[in-house]
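What follows is a single structure, written as structure tokens, with notes after it.
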Amino acid sequence: MNIPMNLLEGKKILLGVTGSIAAYKSLELLRLYIKAGADVRVVMTPSAKKFVAPLSFEALSRNRVLDDTNESWADDFNHIKIAQWADILVIAPLTANTIAKLANGIADNILTQCALAYPGIKLIAPSANTAMIQNPMIQASQKMLAIANYEIIATQTKELACQVIGDGAMAEPQEIFWHSARTLLKNDFWIDRRVIVTGGGTIEKLDDVRTISNRSSGKMASALATALFLKGADVNLIATRFESDLPASLHTIEVESSEEMNEYLTDSIRIAKKGKLSKPSLIHDEPISLIQKEPYLFMAAAVSDYLPTHPQNGKLKKESLGETWNISMKQNIDLLTACNKEGIKTVAFKAETDPSVATENAKKLLESKGVQAVCLNIIDESNPFGSDTNCIDFITPSTTISLPKSDKLTLSLHLLEQAESL
């Protein structure tokens, strides 16, 4: 998925780098931040400079790298001022040694001093040998950090630098980027709100090797689910096709047929409507009652209007079919009409090819399907299926807002601004 160049425009990120072999991946993370429009400053521990030279980070960020040798109190190039400057502190990679230091308030280098001085949310991406990351002292230190305004991006299992396959590898730069963007972009309206998104064209069986489908790519649904993730929502994406590089912590369900999509959609709606249970307070043992926000449903899937009447097992042979094959079809159920939309804000997506009747048809759908809004897009040569850009009209009973053509993630973020008012 393409990252919009202005996604993090105006955001200030302080990137901390410690002495791990994964330090070279921090250059890729920095590149992602810069590409998204963020202003990034880098602070390095002495051991980090053994793996990657500060000049590499300076070349990408266009900012001086702060380390133990160049702190200045004549300007803002010190651990106090740079901590005040930042909107977020991200430490990637974070060694086991620095995990233990942070958990115990030890500030013996410039990076740990910055961490102590920074009061906001700190994202950390550990990187260590499996035995080290699973050491009880490091496990306990991570638990301490988790309750001290540190958010831990989980390690992954793969072949480590010591040529052993195990848990401990730093999360991929793309995943760290998504978590950073979520921290910077989330808002109160969407935080912890349960949202369901359906996407892609359903795939209906003719026999065990042949299917009937449509040209819907699922890109808009993937972009919309990612935008919701960035805004802080609890997202469930049910789709037949997905974009690559989705946030790993975004919940996805892969389906094929409309019957399978309907099954998971029904269960997801039921779960989304359930109120959250009370949970213990971090301060007292008395339960806290949490208010359940009204869930949202975005129906972006292109569900087949007709199904094969008699899907077959095995592979049908052309010798038995003859020179022509007449496929009997029956009308499919309408998932949008059939699903239980009571108590859930619903936004439908409608694709049209005839601009002269598109808006009228979309407005009819508002009443006939019982939805709060319709996203209308016109499919033509300039806006084909599967493109990386889109433009839509966001239609409600009282207004029509035209959202101009842009990449689908940017468009989705604008769409969510409109959806908040439903």
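How things are named: the first chain in the structure tokens is A, the next is B, and so on; residues count from 1 in each chain; ligands count from 1 in the order shown.
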### Query
Neighbours of stretch 349-366 of chain A within 12 Å (only C-alpha atoms; same-chain residues fewer than 2 positions away dropped), as a VMD selection string?
chain A and resid 197 to 200 215 to 216 220 to 221 224 297 to 303 336 to 337 346 to 347 368 to 385 390 to 402 415
Just write the chosen residues, N, CA and C atoms, as a compact mmCIF listing (two decimals), in the first residue's frame.
# COMPACT_ATOMS: atom_id res chain seq x y z
N VAL A 197 -15.41 -3.85 8.26
CA VAL A 197 -15.26 -3.46 6.86
C VAL A 197 -15.30 -4.72 6.01
N THR A 198 -16.13 -4.72 4.97
CA THR A 198 -16.11 -5.84 4.02
C THR A 198 -15.51 -5.35 2.71
N GLY A 199 -14.83 -6.26 2.01
CA GLY A 199 -14.17 -5.82 0.78
C GLY A 199 -13.89 -6.96 -0.19
N GLY A 200 -13.57 -6.58 -1.42
CA GLY A 200 -13.24 -7.53 -2.47
C GLY A 200 -14.48 -8.10 -3.13
N ARG A 215 -14.44 -7.86 -10.78
CA ARG A 215 -13.14 -7.21 -10.87
C ARG A 215 -12.79 -6.34 -9.65
N SER A 216 -13.60 -6.41 -8.61
CA SER A 216 -13.30 -5.62 -7.42
C SER A 216 -11.99 -6.11 -6.79
N MET A 220 -9.84 -0.59 -1.89
CA MET A 220 -10.51 0.46 -1.14
C MET A 220 -10.82 0.00 0.28
N ALA A 221 -11.25 -1.26 0.42
CA ALA A 221 -11.55 -1.80 1.74
C ALA A 221 -10.29 -1.89 2.59
N LEU A 224 -9.41 1.61 3.67
CA LEU A 224 -10.35 2.09 4.68
C LEU A 224 -10.07 1.45 6.04
N LEU A 297 -20.32 -0.07 10.39
CA LEU A 297 -20.18 -1.09 9.36
C LEU A 297 -19.99 -0.40 8.01
N PHE A 298 -18.88 -0.71 7.33
CA PHE A 298 -18.62 -0.19 5.98
C PHE A 298 -18.69 -1.37 5.01
N MET A 299 -19.72 -1.37 4.17
CA MET A 299 -19.95 -2.48 3.24
C MET A 299 -19.34 -2.13 1.87
N ALA A 300 -18.04 -2.41 1.73
CA ALA A 300 -17.34 -2.08 0.49
C ALA A 300 -17.17 -3.29 -0.42
N ALA A 301 -17.61 -4.46 0.02
CA ALA A 301 -17.46 -5.68 -0.80
C ALA A 301 -18.38 -5.64 -2.01
N ALA A 302 -17.93 -6.24 -3.09
CA ALA A 302 -18.75 -6.41 -4.29
C ALA A 302 -19.30 -7.83 -4.26
N VAL A 303 -20.49 -7.98 -3.70
CA VAL A 303 -21.09 -9.30 -3.50
C VAL A 303 -21.84 -9.71 -4.77
N LEU A 336 -26.40 -6.70 2.38
CA LEU A 336 -26.62 -5.41 3.01
C LEU A 336 -28.04 -5.31 3.56
N THR A 337 -29.00 -5.85 2.83
CA THR A 337 -30.39 -5.84 3.29
C THR A 337 -30.61 -6.84 4.42
N THR A 346 -24.23 2.33 9.43
CA THR A 346 -23.87 1.58 8.24
C THR A 346 -23.63 2.50 7.06
N VAL A 347 -22.50 2.29 6.40
CA VAL A 347 -22.14 3.04 5.20
C VAL A 347 -21.99 2.03 4.06
N SER A 368 -33.91 2.22 0.68
CA SER A 368 -34.25 0.82 0.44
C SER A 368 -33.41 -0.15 1.27
N LYS A 369 -32.18 0.25 1.57
CA LYS A 369 -31.29 -0.64 2.35
C LYS A 369 -31.18 -0.23 3.81
N GLY A 370 -31.75 0.90 4.18
CA GLY A 370 -31.72 1.32 5.57
C GLY A 370 -30.34 1.65 6.08
N VAL A 371 -29.55 2.42 5.28
CA VAL A 371 -28.20 2.80 5.68
C VAL A 371 -28.13 4.30 5.93
N GLN A 372 -27.09 4.72 6.65
CA GLN A 372 -26.94 6.13 6.99
C GLN A 372 -26.24 6.93 5.90
N ALA A 373 -25.43 6.26 5.08
CA ALA A 373 -24.68 6.96 4.03
C ALA A 373 -24.31 5.99 2.92
N VAL A 374 -24.06 6.57 1.75
CA VAL A 374 -23.61 5.79 0.59
C VAL A 374 -22.38 6.46 0.01
N CYS A 375 -21.36 5.65 -0.25
CA CYS A 375 -20.17 6.13 -0.95
C CYS A 375 -20.30 5.73 -2.41
N LEU A 376 -20.49 6.72 -3.27
CA LEU A 376 -20.71 6.47 -4.70
C LEU A 376 -19.44 6.74 -5.48
N ASN A 377 -19.01 5.77 -6.29
CA ASN A 377 -17.91 6.05 -7.20
C ASN A 377 -18.29 5.61 -8.62
N ILE A 378 -17.87 6.42 -9.57
CA ILE A 378 -18.17 6.17 -10.98
C ILE A 378 -16.99 5.42 -11.60
N ILE A 379 -17.28 4.25 -12.16
CA ILE A 379 -16.24 3.45 -12.81
C ILE A 379 -16.17 3.83 -14.29
N ASP A 380 -15.01 4.33 -14.71
CA ASP A 380 -14.79 4.65 -16.13
C ASP A 380 -13.31 4.49 -16.43
N GLU A 381 -12.90 4.93 -17.62
CA GLU A 381 -11.51 4.75 -18.03
C GLU A 381 -10.53 5.47 -17.11
N SER A 382 -10.95 6.59 -16.56
CA SER A 382 -10.06 7.36 -15.68
C SER A 382 -10.11 6.86 -14.23
N ASN A 383 -11.08 6.01 -13.93
CA ASN A 383 -11.24 5.50 -12.57
C ASN A 383 -11.65 4.03 -12.63
N PRO A 384 -10.73 3.16 -13.09
CA PRO A 384 -11.08 1.75 -13.29
C PRO A 384 -10.99 0.94 -12.00
N PHE A 385 -11.55 -0.27 -12.05
CA PHE A 385 -11.36 -1.21 -10.95
C PHE A 385 -9.87 -1.48 -10.77
N ASN A 390 -8.94 6.89 -6.19
CA ASN A 390 -10.40 6.83 -6.29
C ASN A 390 -10.96 8.21 -5.98
N CYS A 391 -12.21 8.42 -6.35
CA CYS A 391 -12.94 9.62 -5.94
C CYS A 391 -14.37 9.17 -5.65
N ILE A 392 -14.97 9.71 -4.62
CA ILE A 392 -16.32 9.29 -4.25
C ILE A 392 -17.17 10.49 -3.87
N ASP A 393 -18.47 10.30 -3.95
CA ASP A 393 -19.44 11.21 -3.37
C ASP A 393 -19.98 10.55 -2.11
N PHE A 394 -19.86 11.26 -0.99
CA PHE A 394 -20.37 10.76 0.29
C PHE A 394 -21.78 11.30 0.45
N ILE A 395 -22.76 10.43 0.31
CA ILE A 395 -24.16 10.85 0.23
C ILE A 395 -24.92 10.41 1.48
N THR A 396 -25.59 11.38 2.11
CA THR A 396 -26.49 11.12 3.23
C THR A 396 -27.87 11.65 2.84
N PRO A 397 -28.90 11.38 3.65
CA PRO A 397 -30.22 11.90 3.29
C PRO A 397 -30.28 13.41 3.12
N SER A 398 -29.36 14.14 3.74
CA SER A 398 -29.44 15.60 3.70
C SER A 398 -28.32 16.27 2.90
N THR A 399 -27.22 15.56 2.67
CA THR A 399 -26.07 16.20 2.00
C THR A 399 -25.39 15.26 1.01
N THR A 400 -24.65 15.87 0.09
CA THR A 400 -23.75 15.15 -0.80
C THR A 400 -22.40 15.86 -0.79
N ILE A 401 -21.38 15.18 -0.32
CA ILE A 401 -20.04 15.76 -0.23
C ILE A 401 -19.15 15.03 -1.23
N SER A 402 -18.58 15.80 -2.18
CA SER A 402 -17.68 15.22 -3.16
C SER A 402 -16.26 15.20 -2.62
N LEU A 415 -12.92 10.37 4.16
CA LEU A 415 -14.23 9.72 4.30
C LEU A 415 -14.59 9.57 5.78
### Message
Please identify the helix (DSSP H, G or I) residues within stretch 6-229 of chain A (assignment by DSSP from backbone atoms) and present them as a count of residues only.
### Response
86
If you run DSSP on this backbone, which residues of stretch 284-335 of chain A come out as strand (DSSP E or B), and could you give them as a PDB file with C-alpha atoms, in the first residue's frame?
ATOM      1  CA  PRO A 287     -14.508  -2.651  38.379  1.00  0.00           C
ATOM      2  CA  ILE A 288     -14.728   0.277  35.983  1.00  0.00           C
ATOM      3  CA  TYR A 296     -19.813   1.129  12.423  1.00  0.00           C
ATOM      4  CA  LEU A 297     -20.184  -1.085   9.358  1.00  0.00           C
ATOM      5  CA  PHE A 298     -18.620  -0.193   5.985  1.00  0.00           C
ATOM      6  CA  MET A 299     -19.948  -2.478   3.238  1.00  0.00           C
ATOM      7  CA  ALA A 302     -18.750  -6.406  -4.292  1.00  0.00           C
ATOM      8  CA  TYR A 306     -26.295 -14.265  -8.770  1.00  0.00           C
ATOM      9  CA  LEU A 307     -24.995 -17.714  -7.787  1.00  0.00           C
ATOM     10  CA  PRO A 308     -24.584 -20.911  -9.782  1.00  0.00           C
ATOM     11  CA  MET A 329     -27.903 -18.986 -12.065  1.00  0.00           C
ATOM     12  CA  LYS A 330     -30.134 -17.986  -9.157  1.00  0.00           C
ATOM     13  CA  GLN A 331     -30.474 -14.634  -7.422  1.00  0.00           C
TER      14      GLN A 331
END
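Within 6 Å of stretch 256-262 of chain A there are Thr202, Ile203, Glu204 and Thr240 of chain A, counting only C-alpha atoms and ignoring same-chain residues fewer than 6 positions away.
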For the selection just defined, write its residues with N, CA and C atoms to a file, as a PDB file, in the first residue's frame.
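Writing the result to selection_36.pdb gives the following:
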ATOM      1  N   THR A 202     -16.751 -11.236  -4.223  1.00  0.00           N
ATOM      2  CA  THR A 202     -16.943 -12.618  -3.778  1.00  0.00           C
ATOM      3  C   THR A 202     -16.663 -13.595  -4.928  1.00  0.00           C
ATOM      4  N   ILE A 203     -16.285 -14.792  -4.563  1.00  0.00           N
ATOM      5  CA  ILE A 203     -15.871 -15.826  -5.513  1.00  0.00           C
ATOM      6  C   ILE A 203     -16.820 -17.009  -5.363  1.00  0.00           C
ATOM      7  N   GLU A 204     -17.622 -17.257  -6.392  1.00  0.00           N
ATOM      8  CA  GLU A 204     -18.658 -18.284  -6.315  1.00  0.00           C
ATOM      9  C   GLU A 204     -18.249 -19.512  -7.122  1.00  0.00           C
ATOM     10  N   THR A 240     -12.186 -10.794   0.434  1.00  0.00           N
ATOM     11  CA  THR A 240     -11.684 -11.853  -0.436  1.00  0.00           C
ATOM     12  C   THR A 240     -10.280 -11.539  -0.934  1.00  0.00           C
TER      13      THR A 240
END
Which residues of stretch 83-147 of chain A come within 12 Å of stretch 60-66 of chain A, and for each one, what is the closest pair of atoms and their distance in Å to one decimal, counting only C-alpha atoms, sorted by chain and residue number, as JSON lines?
{"residue": "A:Ala83", "atom": "CA", "partner": "A:Leu66", "partner_atom": "CA", "distance": 11.6}
{"residue": "A:Asn109", "atom": "CA", "partner": "A:Leu66", "partner_atom": "CA", "distance": 11.0}
{"residue": "A:Ile110", "atom": "CA", "partner": "A:Leu66", "partner_atom": "CA", "distance": 7.8}
{"residue": "A:Leu111", "atom": "CA", "partner": "A:Leu66", "partner_atom": "CA", "distance": 8.7}
{"residue": "A:Gln113", "atom": "CA", "partner": "A:Leu66", "partner_atom": "CA", "distance": 11.7}
{"residue": "A:Cys114", "atom": "CA", "partner": "A:Leu66", "partner_atom": "CA", "distance": 10.3}
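The nearest approach to A:Pro173 among the residues A:Glu342, A:Asp245, A:Asp388, A:Asp39, with only C-alpha atoms taken into account, belongs to A:Asp245.
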### Task
Extract, using only C-alpha atoms, all DNA, RNA and protein residues at most 9 Å from A:Ile3, discarding same-chain residues fewer than 6 positions from it, and format them as a list in words.
Leu32, Lys35, Ala36, Asp407, Leu409 and Thr410 of chain A
### Message
For A:Ala117, find every residue with an atom within 10 Å (counting only C-alpha atoms), except residues of its own chain fewer than 4 positions away, and show them as a ChimeraX atom specification.
### Response
/A:79-84,107,111-113
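Among the candidate residues A:Lys12, A:Lys143, A:Lys405, A:Lys25, the one lying nearest to A:Leu184 is A:Lys12, with distances computed using only C-alpha atoms.
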### Task
Mind checking which residues fall within 12 Å of A:Thr69, counting only C-alpha atoms, ignoring those fewer than 4 positions away in the same chain, and posting them as a list in words?
Val43, Met44, Thr45, Pro46, Lys49, Pro54, Val65, Phe77, Asn78, Asn109 and Ile110 of chain A
### Task
Pick out the residues sitting within 6 Å of A:Gly166, and hand them over as an MDAnalysis selection string; count only C-alpha atoms, and ignore anything fewer than 3 positions along from it in its own chain.
chainID A and resid 130 157:158
### Query
Looking at A:Pro247, A:Pro93, A:Gly322, A:Gly16, which one is nearest to A:Glu175, with distances taken over only C-alpha atoms?
A:Pro247
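From atom CA of A:Ser421 back to atom CA of A:Pro4, the distance works out to 24.5 Å.
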### Task
Tell me which of A:Asp207, A:Glu9, A:Glu151, A:Asp192 sits closest to A:Ser180, counting only C-alpha atoms.
A:Glu151
### Task
Report the distance between atom CA of A:His251 and atom CA of A:Phe229 in Å, rounded to one decimal place.
9.7 Å
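Using only C-alpha atoms, the shortest contact distance between A:Ser222 and any of A:Asn135, A:Met1, A:Ser141, A:Ile106 is found at A:Met1.
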### Task
Using only C-alpha atoms, find the one residue out of A:Trp325, A:Ser213, A:Ala181, A:Leu116 that sits nearest to A:Ala227.
A:Ala181
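Atom to atom, atom CA of A:Thr252 and atom CA of A:Leu29 stand 24.3 Å apart.
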